[in-house]
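Q: One structure is given below, represented as structure tokens, and several questions about it will come after.
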Amino acid sequence: MALILREIMRGFGLRDIREARDVATAFEIIKDNHVDIALVDHNLGDLDGTEFVQLIRTADDSPNPYIQIIMVTAHGDRKTVMEAIRSGANEFMVKPVTPLDLYEKLSACIERPRQFVRTGTYFGPDRRRRRDPVYRGPWRRKDDPEDGYAPDKDELAKSGHPTVIEG
């Protein structure tokens with residue numbers, strides 16, 4: 001699979017592609033080089049991919065906790081996806097990977113990077129993919145509006161959420 005991903009990326013014009021077969025080598029590559037995006041297999045062999053992502057995100061000696069990470073796995077079940085998200089992966093791809101899949105995930109990391117969030121139990125990209133115009137919960141993020149946000153009916157219509165009209 002690594003060879004296929006490498007060739008797809010070469011087809012996109014990427015040239016400086018590094019490959020690691022174990023966690024120690026991957027950590028060293030990230031430490032010794034400017035790495036923009038890491039593709040991490042969920043099954044690393046010596047460590048689970050989600051554990052590696054958590055290590056990169058939270059270890060005191062982490063070379064780059066803000067690196068964009070795309071988790072790649074053969075398992076697309078909800079449990080695996082949620083583990084990857086909770087570990088701090090930016091994106092998630094299920095094998096077999098197509099060039100379009102990889103292009104979309106790379107584009108998301110490059111063109112639409114999400115802010116990072118630190119809580120007592122999580123450090124990684126904001127798990128919210130978009131602002132929900134009908135959100136009614138508490139506003140807790142620094143970039144959230146101070147007094148909340150009340151969408152108008154046009155925004156509600158665009159959101160695809162059901163609109164309730166009272167009166």
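Letters for chains follow the order of the structure tokens (A, B, ...), residue numbers begin at 1 for each chain, and ligand numbers begin at 1 in the order shown.
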At a cut-off of 10 Å, using only C-alpha atoms, what residues contact His34 of chain A? Leave out same-chain residues fewer than 2 positions from it and give the result as an MDAnalysis selection string.

A: chainID A and resid 29:32 36:37 63:64 67

Q: Write down as number ranges by chain the residues of segment 14-109 of chain A whose backbone DSSP state falls under alpha helix (DSSP H).

A: A: 23-32, 49-58, 78-87, 99-109

Q: Write the selection just made, keeping C-alpha atoms, as an mmCIF file, in the first residue's frame?

A:
data_model
loop_
_atom_site.group_PDB
_atom_site.id
_atom_site.type_symbol
_atom_site.label_atom_id
_atom_site.label_comp_id
_atom_site.auth_asym_id
_atom_site.auth_seq_id
_atom_site.Cartn_x
_atom_site.Cartn_y
_atom_site.Cartn_z
ATOM 1 C CA VAL A 23 7.281 4.280 14.848
ATOM 2 C CA ALA A 24 10.863 5.146 15.835
ATOM 3 C CA THR A 25 11.835 5.841 12.219
ATOM 4 C CA ALA A 26 8.673 7.886 11.623
ATOM 5 C CA PHE A 27 9.355 9.954 14.733
ATOM 6 C CA GLU A 28 12.940 10.578 13.562
ATOM 7 C CA ILE A 29 11.824 11.576 10.059
ATOM 8 C CA ILE A 30 9.367 14.096 11.497
ATOM 9 C CA LYS A 31 12.035 15.376 13.909
ATOM 10 C CA ASP A 32 14.824 15.716 11.331
ATOM 11 C CA GLY A 49 -1.770 4.132 14.493
ATOM 12 C CA THR A 50 -4.016 6.021 16.899
ATOM 13 C CA GLU A 51 -1.398 5.659 19.644
ATOM 14 C CA PHE A 52 1.217 7.064 17.263
ATOM 15 C CA VAL A 53 -1.022 10.041 16.469
ATOM 16 C CA GLN A 54 -1.525 10.681 20.197
ATOM 17 C CA LEU A 55 2.244 10.433 20.700
ATOM 18 C CA ILE A 56 2.879 13.011 17.968
ATOM 19 C CA ARG A 57 0.175 15.292 19.369
ATOM 20 C CA THR A 58 1.007 15.113 23.079
ATOM 21 C CA ARG A 78 -17.518 3.487 13.187
ATOM 22 C CA LYS A 79 -15.316 2.390 16.108
ATOM 23 C CA THR A 80 -12.098 2.714 14.077
ATOM 24 C CA VAL A 81 -13.128 6.059 12.608
ATOM 25 C CA MET A 82 -13.987 7.437 16.058
ATOM 26 C CA GLU A 83 -10.669 6.183 17.493
ATOM 27 C CA ALA A 84 -8.795 8.003 14.728
ATOM 28 C CA ILE A 85 -10.755 11.214 15.291
ATOM 29 C CA ARG A 86 -10.281 11.043 19.065
ATOM 30 C CA SER A 87 -6.550 10.449 18.649
ATOM 31 C CA PRO A 99 -6.111 8.875 -6.335
ATOM 32 C CA LEU A 100 -9.249 11.000 -5.905
ATOM 33 C CA ASP A 101 -9.575 9.943 -2.237
ATOM 34 C CA LEU A 102 -5.985 10.906 -1.537
ATOM 35 C CA TYR A 103 -6.244 14.163 -3.489
ATOM 36 C CA GLU A 104 -9.351 15.211 -1.521
ATOM 37 C CA LYS A 105 -7.740 14.453 1.847
ATOM 38 C CA LEU A 106 -4.475 16.194 0.938
ATOM 39 C CA SER A 107 -6.454 19.192 -0.348
ATOM 40 C CA ALA A 108 -8.456 19.355 2.877
ATOM 41 C CA CYS A 109 -5.234 19.415 4.918
#

Q: By how many Å are atom CA of Ile8 of chain A and atom CA of Gln68 of chain A apart?

A: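 Atom CA of Ile8 of chain A sits 18.3 Å away from atom CA of Gln68 of chain A.
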
Q: Please give the complete set of residues from segment 19-127 of chain A that DSSP, run on the backbone, assigns to strand (DSSP E or B), formatted as a ChimeraX atom specification.

A: /A:37-41,43,48,68-73,91-94,116-118,123-125

Q: Keeping only N, CA and C atoms, write the selected residues as a short mmCIF file (atom, residue, chain, number, x, y, z; two decimals), in the first residue's frame.

A:
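Below you can see selection-v7.cif, which holds the result:
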data_model
loop_
_atom_site.label_atom_id
_atom_site.label_comp_id
_atom_site.auth_asym_id
_atom_site.auth_seq_id
_atom_site.Cartn_x
_atom_site.Cartn_y
_atom_site.Cartn_z
N ILE A 37 2.69 16.86 5.93
CA ILE A 37 1.58 15.93 6.10
C ILE A 37 2.13 14.53 6.31
N ALA A 38 1.55 13.80 7.26
CA ALA A 38 1.94 12.41 7.49
C ALA A 38 0.75 11.51 7.20
N LEU A 39 0.97 10.49 6.38
CA LEU A 39 -0.02 9.45 6.18
C LEU A 39 0.35 8.33 7.13
N VAL A 40 -0.55 7.99 8.04
CA VAL A 40 -0.27 7.02 9.09
C VAL A 40 -1.21 5.84 8.94
N ASP A 41 -0.63 4.66 8.80
CA ASP A 41 -1.45 3.44 8.72
C ASP A 41 -1.96 3.12 10.11
N ASN A 43 -2.58 0.29 11.27
CA ASN A 43 -1.86 -0.89 11.75
C ASN A 43 -0.37 -0.69 11.49
N ASP A 48 -0.15 0.89 17.61
CA ASP A 48 -1.39 1.20 16.92
C ASP A 48 -1.28 2.61 16.33
N GLN A 68 -0.16 17.87 9.99
CA GLN A 68 -1.41 17.35 9.43
C GLN A 68 -1.26 15.83 9.30
N ILE A 69 -2.20 15.08 9.84
CA ILE A 69 -2.11 13.62 9.83
C ILE A 69 -3.34 13.03 9.17
N ILE A 70 -3.10 12.18 8.18
CA ILE A 70 -4.17 11.44 7.52
C ILE A 70 -4.04 9.98 7.92
N MET A 71 -5.04 9.45 8.60
CA MET A 71 -5.04 8.05 9.02
C MET A 71 -5.55 7.20 7.86
N VAL A 72 -4.83 6.13 7.56
CA VAL A 72 -5.20 5.20 6.49
C VAL A 72 -5.44 3.84 7.13
N THR A 73 -6.56 3.21 6.80
CA THR A 73 -6.89 1.92 7.41
C THR A 73 -7.71 1.05 6.47
N GLU A 91 -7.56 13.78 9.05
CA GLU A 91 -8.41 13.15 8.03
C GLU A 91 -8.32 11.64 8.18
N PHE A 92 -9.20 10.94 7.45
CA PHE A 92 -9.32 9.49 7.57
C PHE A 92 -9.63 8.91 6.20
N MET A 93 -8.90 7.87 5.79
CA MET A 93 -9.14 7.21 4.50
C MET A 93 -9.21 5.71 4.70
N VAL A 94 -10.14 5.07 3.98
CA VAL A 94 -10.29 3.62 4.04
C VAL A 94 -9.71 3.01 2.77
N PHE A 116 -6.43 24.06 15.92
CA PHE A 116 -6.17 23.03 16.92
C PHE A 116 -6.83 23.42 18.23
N VAL A 117 -7.25 22.40 18.97
CA VAL A 117 -7.96 22.58 20.22
C VAL A 117 -7.22 21.80 21.30
N ARG A 118 -7.07 22.40 22.46
CA ARG A 118 -6.46 21.69 23.59
C ARG A 118 -7.45 21.70 24.75
N PHE A 123 -5.93 16.88 22.35
CA PHE A 123 -5.20 17.91 21.61
C PHE A 123 -5.17 17.48 20.16
N GLY A 124 -5.65 18.35 19.31
CA GLY A 124 -5.67 18.02 17.89
C GLY A 124 -6.56 19.00 17.15
N PRO A 125 -6.84 18.68 15.88
CA PRO A 125 -7.67 19.58 15.08
C PRO A 125 -9.10 19.63 15.62
#

Q: Grab the atom CA of Arg10 of chain A to atom CA of Gly88 of chain A distance for me, in Å with one decimal place.

A: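 Computing the Euclidean distance for atom CA of Arg10 of chain A and atom CA of Gly88 of chain A yields 26.3 Å.
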
Q: Given the choices A:Pro65, A:Gly13, A:Gly76, A:Gly120, which gets closest to Ala89 of chain A if the distance is worked out from only C-alpha atoms?

A: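 Among the listed residues, A:Pro65 lies closest to Ala89 of chain A.
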